[in-house]
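Containing compact mmCIF, N, CA and C atoms: entry.txt.
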```
# COMPACT_ATOMS: atom_id res chain seq x y z
N LEU A 15 102.27 117.98 105.21
CA LEU A 15 102.59 119.08 106.08
C LEU A 15 102.29 120.40 105.38
N THR A 16 102.63 120.49 104.12
CA THR A 16 102.33 121.69 103.35
C THR A 16 100.83 121.91 103.29
N PHE A 17 100.09 120.81 103.16
CA PHE A 17 98.63 120.88 103.15
C PHE A 17 98.10 121.49 104.44
N VAL A 18 98.66 121.05 105.58
CA VAL A 18 98.23 121.56 106.89
C VAL A 18 98.49 123.06 106.98
N PHE A 19 99.70 123.50 106.56
CA PHE A 19 100.00 124.93 106.58
C PHE A 19 99.06 125.71 105.68
N GLY A 20 98.73 125.13 104.52
CA GLY A 20 97.81 125.79 103.60
C GLY A 20 96.43 125.98 104.20
N ILE A 21 95.92 124.95 104.87
CA ILE A 21 94.61 125.03 105.52
C ILE A 21 94.63 126.09 106.62
N VAL A 22 95.70 126.09 107.42
CA VAL A 22 95.80 127.08 108.50
C VAL A 22 95.84 128.49 107.91
N ARG A 23 96.59 128.65 106.83
CA ARG A 23 96.69 129.98 106.20
C ARG A 23 95.34 130.42 105.65
N LEU A 24 94.63 129.51 104.99
CA LEU A 24 93.29 129.84 104.48
C LEU A 24 92.33 130.19 105.61
N ALA A 25 92.41 129.43 106.71
CA ALA A 25 91.56 129.72 107.86
C ALA A 25 91.90 131.10 108.42
N HIS A 26 93.17 131.43 108.45
CA HIS A 26 93.58 132.74 108.95
C HIS A 26 93.05 133.86 108.05
N LEU A 27 93.08 133.66 106.75
CA LEU A 27 92.57 134.67 105.83
C LEU A 27 91.07 134.86 105.97
N ALA A 28 90.37 133.80 106.36
CA ALA A 28 88.92 133.87 106.50
C ALA A 28 88.50 134.51 107.83
N LEU A 29 89.41 134.54 108.80
CA LEU A 29 89.08 135.08 110.11
C LEU A 29 89.30 136.59 110.13
N PRO A 30 88.75 137.26 111.14
CA PRO A 30 88.98 138.70 111.26
C PRO A 30 90.47 139.03 111.32
N SER A 31 90.86 140.15 110.76
CA SER A 31 92.28 140.50 110.63
C SER A 31 92.98 140.77 111.96
N LYS A 32 92.25 140.97 113.03
CA LYS A 32 92.89 141.25 114.31
C LYS A 32 93.42 139.98 114.99
N MET A 33 93.02 138.82 114.49
CA MET A 33 93.49 137.57 115.09
C MET A 33 94.91 137.28 114.62
N PRO A 34 95.82 136.95 115.55
CA PRO A 34 97.22 136.69 115.15
C PRO A 34 97.35 135.34 114.45
N LEU A 35 98.33 135.24 113.57
CA LEU A 35 98.63 134.00 112.87
C LEU A 35 99.35 133.05 113.82
N VAL A 36 98.92 131.83 113.86
CA VAL A 36 99.55 130.83 114.72
C VAL A 36 100.94 130.52 114.16
N PRO A 37 101.97 130.55 114.99
CA PRO A 37 103.32 130.26 114.49
C PRO A 37 103.41 128.83 113.94
N ALA A 38 104.19 128.66 112.88
CA ALA A 38 104.34 127.36 112.24
C ALA A 38 104.89 126.33 113.22
N ARG A 39 105.80 126.74 114.11
CA ARG A 39 106.38 125.78 115.05
C ARG A 39 105.32 125.21 115.99
N THR A 40 104.29 126.00 116.30
CA THR A 40 103.19 125.52 117.15
C THR A 40 102.38 124.47 116.42
N ILE A 41 102.11 124.71 115.16
CA ILE A 41 101.35 123.76 114.35
C ILE A 41 102.14 122.47 114.17
N VAL A 42 103.40 122.60 113.81
CA VAL A 42 104.24 121.42 113.61
C VAL A 42 104.41 120.67 114.93
N GLY A 43 104.61 121.37 116.01
CA GLY A 43 104.74 120.73 117.32
C GLY A 43 103.50 119.95 117.70
N ALA A 44 102.33 120.53 117.47
CA ALA A 44 101.08 119.83 117.77
C ALA A 44 100.92 118.60 116.87
N TRP A 45 101.27 118.76 115.60
CA TRP A 45 101.18 117.64 114.65
C TRP A 45 102.13 116.52 115.06
N VAL A 46 103.35 116.86 115.45
CA VAL A 46 104.33 115.85 115.87
C VAL A 46 103.84 115.12 117.11
N MET A 47 103.30 115.86 118.08
CA MET A 47 102.80 115.25 119.30
C MET A 47 101.63 114.30 119.01
N LEU A 48 100.68 114.76 118.21
CA LEU A 48 99.53 113.93 117.86
C LEU A 48 99.96 112.69 117.10
N THR A 49 100.87 112.85 116.16
CA THR A 49 101.35 111.72 115.37
C THR A 49 102.10 110.72 116.24
N SER A 50 102.95 111.20 117.13
CA SER A 50 103.69 110.27 117.98
C SER A 50 102.78 109.52 118.94
N MET A 51 101.68 110.14 119.34
CA MET A 51 100.74 109.47 120.25
C MET A 51 99.86 108.45 119.53
N THR A 52 99.57 108.66 118.27
CA THR A 52 98.65 107.78 117.55
C THR A 52 99.33 106.82 116.59
N TYR A 53 100.64 106.94 116.43
CA TYR A 53 101.36 106.17 115.42
C TYR A 53 101.15 104.66 115.57
N VAL A 54 101.41 104.12 116.75
CA VAL A 54 101.32 102.68 116.96
C VAL A 54 99.90 102.18 116.73
N MET A 55 98.92 102.91 117.22
CA MET A 55 97.53 102.49 117.06
C MET A 55 97.13 102.47 115.58
N ILE A 56 97.48 103.48 114.83
CA ILE A 56 97.09 103.55 113.43
C ILE A 56 97.77 102.46 112.62
N VAL A 57 99.05 102.25 112.84
CA VAL A 57 99.76 101.21 112.09
C VAL A 57 99.22 99.83 112.45
N SER A 58 98.97 99.56 113.72
CA SER A 58 98.46 98.24 114.10
C SER A 58 97.05 98.01 113.56
N ARG A 59 96.22 99.04 113.56
CA ARG A 59 94.87 98.90 112.99
C ARG A 59 94.94 98.69 111.47
N THR A 60 95.87 99.34 110.82
CA THR A 60 96.04 99.17 109.38
C THR A 60 96.49 97.75 109.05
N LEU A 61 97.33 97.19 109.87
CA LEU A 61 97.82 95.83 109.64
C LEU A 61 96.72 94.78 109.81
N GLN A 62 95.63 95.12 110.47
CA GLN A 62 94.53 94.16 110.65
C GLN A 62 93.90 93.74 109.33
N VAL A 63 94.06 94.55 108.30
CA VAL A 63 93.52 94.21 106.98
C VAL A 63 94.15 92.91 106.47
N PHE A 64 95.38 92.66 106.87
CA PHE A 64 96.10 91.48 106.39
C PHE A 64 96.03 90.30 107.35
N ASP A 65 95.30 90.46 108.45
CA ASP A 65 95.19 89.41 109.47
C ASP A 65 94.01 88.51 109.14
N CYS A 66 94.27 87.47 108.38
CA CYS A 66 93.22 86.57 107.92
C CYS A 66 93.44 85.16 108.48
N THR A 67 92.34 84.43 108.66
CA THR A 67 92.40 83.08 109.18
C THR A 67 91.53 82.17 108.34
N LYS A 68 92.04 80.98 108.07
CA LYS A 68 91.27 79.99 107.32
C LYS A 68 90.40 79.21 108.31
N SER A 69 89.09 79.21 108.05
CA SER A 69 88.17 78.53 108.95
C SER A 69 88.01 77.06 108.55
N ILE A 70 87.24 76.33 109.32
CA ILE A 70 87.02 74.90 109.09
C ILE A 70 86.38 74.65 107.73
N ASP A 71 85.48 75.53 107.32
CA ASP A 71 84.79 75.35 106.05
C ASP A 71 85.62 75.78 104.84
N GLY A 72 86.85 76.21 105.07
CA GLY A 72 87.76 76.55 103.99
C GLY A 72 87.78 78.02 103.60
N LYS A 73 86.90 78.82 104.17
CA LYS A 73 86.88 80.25 103.88
C LYS A 73 87.99 80.96 104.65
N VAL A 74 88.59 81.92 103.99
CA VAL A 74 89.61 82.75 104.64
C VAL A 74 88.96 84.09 104.96
N THR A 75 88.86 84.39 106.24
CA THR A 75 88.15 85.60 106.66
C THR A 75 89.05 86.51 107.49
N LEU A 76 88.64 87.78 107.53
CA LEU A 76 89.34 88.75 108.37
C LEU A 76 89.09 88.41 109.83
N ASP A 77 90.14 88.45 110.64
CA ASP A 77 89.97 88.20 112.07
C ASP A 77 89.18 89.32 112.74
N SER A 78 89.37 90.54 112.26
CA SER A 78 88.68 91.68 112.85
C SER A 78 87.21 91.77 112.41
N GLU A 79 86.86 91.15 111.30
CA GLU A 79 85.49 91.17 110.79
C GLU A 79 85.21 89.84 110.06
N PRO A 80 84.86 88.80 110.81
CA PRO A 80 84.72 87.46 110.24
C PRO A 80 83.68 87.34 109.12
N SER A 81 82.81 88.30 108.97
CA SER A 81 81.82 88.23 107.88
C SER A 81 82.44 88.60 106.53
N ARG A 82 83.66 89.14 106.54
CA ARG A 82 84.35 89.55 105.30
C ARG A 82 85.41 88.52 104.92
N GLU A 83 85.36 88.09 103.66
CA GLU A 83 86.36 87.15 103.17
C GLU A 83 87.60 87.89 102.67
N CYS A 84 88.74 87.30 102.94
CA CYS A 84 90.00 87.86 102.45
C CYS A 84 90.23 87.41 101.01
N TYR A 85 90.95 88.24 100.29
CA TYR A 85 91.36 87.94 98.92
C TYR A 85 90.19 87.83 97.94
N LYS A 86 89.01 88.27 98.36
CA LYS A 86 87.84 88.22 97.47
C LYS A 86 87.05 89.52 97.58
N GLY A 87 86.51 89.93 96.49
CA GLY A 87 85.60 91.07 96.47
C GLY A 87 86.29 92.41 96.47
N SER A 88 85.54 93.40 96.02
CA SER A 88 86.10 94.75 95.91
C SER A 88 86.34 95.38 97.28
N TYR A 89 85.57 94.97 98.29
CA TYR A 89 85.76 95.53 99.63
C TYR A 89 87.16 95.21 100.14
N TRP A 90 87.55 93.94 100.09
CA TRP A 90 88.85 93.57 100.63
C TRP A 90 89.98 94.16 99.80
N TRP A 91 89.87 94.11 98.48
CA TRP A 91 90.94 94.66 97.64
C TRP A 91 91.06 96.17 97.81
N GLY A 92 89.94 96.84 98.01
CA GLY A 92 89.98 98.28 98.28
C GLY A 92 90.65 98.57 99.61
N MET A 93 90.29 97.78 100.62
CA MET A 93 90.92 97.94 101.94
C MET A 93 92.41 97.60 101.88
N CYS A 94 92.75 96.60 101.09
CA CYS A 94 94.14 96.20 100.94
C CYS A 94 94.95 97.34 100.29
N ALA A 95 94.41 97.93 99.25
CA ALA A 95 95.10 99.04 98.57
C ALA A 95 95.28 100.23 99.52
N ALA A 96 94.22 100.56 100.25
CA ALA A 96 94.31 101.67 101.20
C ALA A 96 95.31 101.37 102.31
N ALA A 97 95.35 100.13 102.76
CA ALA A 97 96.28 99.75 103.82
C ALA A 97 97.73 99.83 103.32
N ILE A 98 97.97 99.41 102.10
CA ILE A 98 99.33 99.46 101.55
C ILE A 98 99.80 100.91 101.43
N VAL A 99 98.93 101.78 100.94
CA VAL A 99 99.29 103.20 100.83
C VAL A 99 99.52 103.80 102.22
N SER A 100 98.65 103.47 103.15
CA SER A 100 98.78 103.98 104.52
C SER A 100 100.07 103.50 105.17
N LEU A 101 100.38 102.23 105.01
CA LEU A 101 101.60 101.69 105.60
C LEU A 101 102.85 102.28 104.95
N ALA A 102 102.78 102.48 103.64
CA ALA A 102 103.93 103.07 102.94
C ALA A 102 104.18 104.48 103.44
N PHE A 103 103.11 105.29 103.52
CA PHE A 103 103.28 106.67 103.96
C PHE A 103 103.49 106.75 105.46
N TYR A 104 102.52 106.27 106.21
CA TYR A 104 102.51 106.46 107.65
C TYR A 104 103.50 105.53 108.35
N GLY A 105 103.67 104.33 107.81
CA GLY A 105 104.53 103.36 108.46
C GLY A 105 106.00 103.52 108.14
N LEU A 106 106.32 104.00 106.93
CA LEU A 106 107.72 104.09 106.52
C LEU A 106 108.19 105.51 106.23
N ILE A 107 107.50 106.18 105.31
CA ILE A 107 107.96 107.49 104.86
C ILE A 107 107.96 108.52 105.99
N LEU A 108 106.91 108.53 106.79
CA LEU A 108 106.82 109.52 107.88
C LEU A 108 107.96 109.39 108.90
N PRO A 109 108.21 108.20 109.45
CA PRO A 109 109.34 108.12 110.41
C PRO A 109 110.68 108.44 109.77
N ILE A 110 110.88 108.02 108.52
CA ILE A 110 112.13 108.33 107.83
C ILE A 110 112.27 109.83 107.64
N ALA A 111 111.19 110.50 107.26
CA ALA A 111 111.22 111.96 107.07
C ALA A 111 111.55 112.67 108.38
N VAL A 112 110.97 112.23 109.48
CA VAL A 112 111.27 112.84 110.78
C VAL A 112 112.74 112.63 111.13
N LEU A 113 113.24 111.42 110.90
CA LEU A 113 114.65 111.16 111.18
C LEU A 113 115.57 112.03 110.33
N VAL A 114 115.21 112.22 109.07
CA VAL A 114 116.02 113.06 108.17
C VAL A 114 116.03 114.50 108.67
N VAL A 115 114.87 115.01 109.05
CA VAL A 115 114.79 116.39 109.57
C VAL A 115 115.63 116.53 110.84
N LEU A 116 115.50 115.58 111.74
CA LEU A 116 116.28 115.65 112.97
C LEU A 116 117.77 115.51 112.70
N TYR A 117 118.14 114.61 111.80
CA TYR A 117 119.56 114.42 111.48
C TYR A 117 120.16 115.67 110.85
N ARG A 118 119.45 116.25 109.90
CA ARG A 118 119.97 117.45 109.23
C ARG A 118 120.06 118.65 110.16
N ASN A 119 119.25 118.64 111.20
CA ASN A 119 119.23 119.78 112.12
C ASN A 119 119.73 119.40 113.51
N ARG A 120 120.53 118.36 113.60
CA ARG A 120 120.98 117.88 114.91
C ARG A 120 121.78 118.93 115.68
N SER A 121 122.41 119.85 114.99
CA SER A 121 123.15 120.90 115.69
C SER A 121 122.21 121.91 116.35
N SER A 122 120.97 121.99 115.89
CA SER A 122 120.00 122.93 116.46
C SER A 122 119.16 122.32 117.58
N LEU A 123 119.35 121.04 117.86
CA LEU A 123 118.51 120.37 118.84
C LEU A 123 118.75 120.82 120.27
N GLU A 124 119.87 121.49 120.52
CA GLU A 124 120.16 122.00 121.86
C GLU A 124 119.80 123.47 122.02
N ASP A 125 119.37 124.11 120.96
CA ASP A 125 119.02 125.53 120.98
C ASP A 125 117.52 125.69 121.19
N PRO A 126 117.09 126.08 122.41
CA PRO A 126 115.66 126.20 122.71
C PRO A 126 114.92 127.21 121.84
N GLU A 127 115.64 128.07 121.15
CA GLU A 127 115.00 129.07 120.29
C GLU A 127 114.84 128.59 118.85
N SER A 128 115.42 127.46 118.50
CA SER A 128 115.34 127.00 117.12
C SER A 128 113.97 126.39 116.81
N PHE A 129 113.61 126.48 115.55
CA PHE A 129 112.33 125.93 115.08
C PHE A 129 112.26 124.43 115.33
N VAL A 130 113.33 123.73 115.00
CA VAL A 130 113.36 122.27 115.13
C VAL A 130 113.22 121.86 116.60
N TYR A 131 113.89 122.57 117.48
CA TYR A 131 113.78 122.26 118.90
C TYR A 131 112.34 122.41 119.39
N LYS A 132 111.73 123.51 119.03
CA LYS A 132 110.36 123.77 119.50
C LYS A 132 109.34 122.83 118.87
N ALA A 133 109.55 122.49 117.59
CA ALA A 133 108.58 121.65 116.90
C ALA A 133 108.73 120.17 117.24
N PHE A 134 109.95 119.69 117.38
CA PHE A 134 110.20 118.26 117.55
C PHE A 134 110.66 117.87 118.95
N ASN A 135 110.59 118.79 119.87
CA ASN A 135 111.04 118.54 121.23
C ASN A 135 110.36 117.32 121.86
N VAL A 136 109.12 117.10 121.53
CA VAL A 136 108.39 115.98 122.11
C VAL A 136 109.02 114.64 121.74
N ILE A 137 109.74 114.57 120.64
CA ILE A 137 110.35 113.32 120.20
C ILE A 137 111.66 113.04 120.93
N PHE A 138 112.49 114.04 121.12
CA PHE A 138 113.83 113.76 121.66
C PHE A 138 114.07 114.29 123.07
N SER A 139 113.10 114.91 123.69
CA SER A 139 113.33 115.56 124.98
C SER A 139 113.63 114.59 126.12
N ARG A 140 113.20 113.34 126.02
CA ARG A 140 113.44 112.38 127.10
C ARG A 140 114.85 111.82 127.08
N PHE A 141 115.61 112.10 126.04
CA PHE A 141 116.93 111.50 125.86
C PHE A 141 118.00 112.56 125.71
N GLU A 142 119.25 112.13 125.85
CA GLU A 142 120.36 113.04 125.57
C GLU A 142 120.28 113.43 124.11
N THR A 143 120.75 114.61 123.79
CA THR A 143 120.63 115.13 122.43
C THR A 143 121.27 114.22 121.39
N LYS A 144 122.38 113.57 121.73
CA LYS A 144 123.03 112.71 120.75
C LYS A 144 122.20 111.47 120.41
N TYR A 145 121.18 111.18 121.21
CA TYR A 145 120.28 110.04 120.94
C TYR A 145 118.91 110.54 120.49
N TYR A 146 118.89 111.59 119.70
CA TYR A 146 117.65 112.20 119.21
C TYR A 146 116.74 111.21 118.48
N TYR A 147 117.29 110.18 117.91
CA TYR A 147 116.56 109.21 117.10
C TYR A 147 115.91 108.10 117.93
N TRP A 148 116.19 108.02 119.22
CA TRP A 148 115.79 106.86 120.00
C TRP A 148 114.27 106.73 120.17
N GLU A 149 113.55 107.81 120.22
CA GLU A 149 112.08 107.72 120.33
C GLU A 149 111.50 107.03 119.10
N ILE A 150 112.03 107.31 117.92
CA ILE A 150 111.57 106.65 116.69
C ILE A 150 111.85 105.15 116.79
N VAL A 151 113.02 104.78 117.29
CA VAL A 151 113.36 103.36 117.46
C VAL A 151 112.37 102.69 118.41
N MET A 152 112.05 103.37 119.50
CA MET A 152 111.10 102.79 120.47
C MET A 152 109.70 102.64 119.87
N ILE A 153 109.27 103.62 119.10
CA ILE A 153 107.95 103.54 118.46
C ILE A 153 107.92 102.39 117.46
N MET A 154 108.97 102.24 116.67
CA MET A 154 109.02 101.14 115.70
C MET A 154 109.02 99.80 116.41
N ARG A 155 109.70 99.71 117.54
CA ARG A 155 109.71 98.46 118.34
C ARG A 155 108.30 98.13 118.83
N LYS A 156 107.57 99.14 119.27
CA LYS A 156 106.18 98.92 119.69
C LYS A 156 105.32 98.41 118.55
N VAL A 157 105.53 98.95 117.36
CA VAL A 157 104.78 98.49 116.19
C VAL A 157 105.05 97.03 115.93
N VAL A 158 106.30 96.63 116.01
CA VAL A 158 106.65 95.22 115.78
C VAL A 158 106.00 94.34 116.83
N ILE A 159 106.00 94.75 118.08
CA ILE A 159 105.39 93.96 119.15
C ILE A 159 103.87 93.87 118.96
N VAL A 160 103.23 94.96 118.62
CA VAL A 160 101.78 94.97 118.47
C VAL A 160 101.33 94.17 117.25
N SER A 161 102.12 94.23 116.17
CA SER A 161 101.70 93.52 114.98
C SER A 161 102.16 92.09 115.05
```

Can you turn what I pasted into structure tokens?
Amino acid sequence: LTFVFGIVRLAHLALPSKMPLVPARTIVGAWVMLTSMTYVMIVSRTLQVFDCTKSIDGKVTLDSEPSRECYKGSYWWGMCAAAIVSLAFYGLILPIAVLVVLYRNRSSLEDPESFVYKAFNVIFSRFETKYYYWEIVMIMRKVVIVS
């Protein structure tokens, strides 16, 4: 997130000075919306690296790419390492971080002028404020079903 703000700030410095700076809540809100829309797809695609099947000839191959053998070669081990990092960050750390932010700011979730309300509204707006975490639960349930 800090990286995203840094890029936006650098882009702002490179643009003509008459252009207004985009508010952080707008950037965070767009990032939250994009992440919530793509979360299940990215996690399920990442899990495909571990979806291997043993064929009749004894080779264990990726279901998504049968020409690639599992557990052999630098390609699979590289994909495996990238998938583990992706799942750790995107699959676990990111939802936990969002829950922590919402939990710590739960008193601000009803204030339409607060930063948290404007940035994370897409996550909890369908539910009563006391159930701010339920969208994360639903997304995690979808991941379990898809994988």

Subject >> CA of Asp65 in chain A to atom C of Ser78 in chain A, straight-line distance in Å >> reply: 8.8 Å

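When only C-alpha atoms are used to measure the gap to Thr40 in chain A, the shortest distance among A:Val160, A:Val136, A:Met152, A:Leu113 belongs to A:Val136.
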
Original post:
Which protein, DNA or RNA residues have an atom at most 12 Å from (85.9, 88.5, 105.2), counting only C-alpha atoms? List them as a ChimeraX atom specification.
Top reply: /A:62-69,73-91,93

Original post:
So which residues are close to (119.7, 112.9, 120.2), meaning at most 12 Å away in the file's coordinates with only C-alpha atoms counted, and can you show them as a PyMOL selection string?
Top reply: chain A and resi 113+116-124+131+134-151

**OP:** Write out as an MDAnalysis selection string all residues of chain A that DSSP puts in alpha helix (DSSP H) for this structure's backbone.
**Re:** chainID A and resid 16:28 38:61 87:100 108:118 129:138 148:160

Original post:
Between atom C of Val112 in chain A and CA of Leu61 in chain A, what is the distance, to one decimal in Å?
Top reply: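 Result for atom C of Val112 in chain A versus CA of Leu61 in chain A: 22.5 Å, one decimal.
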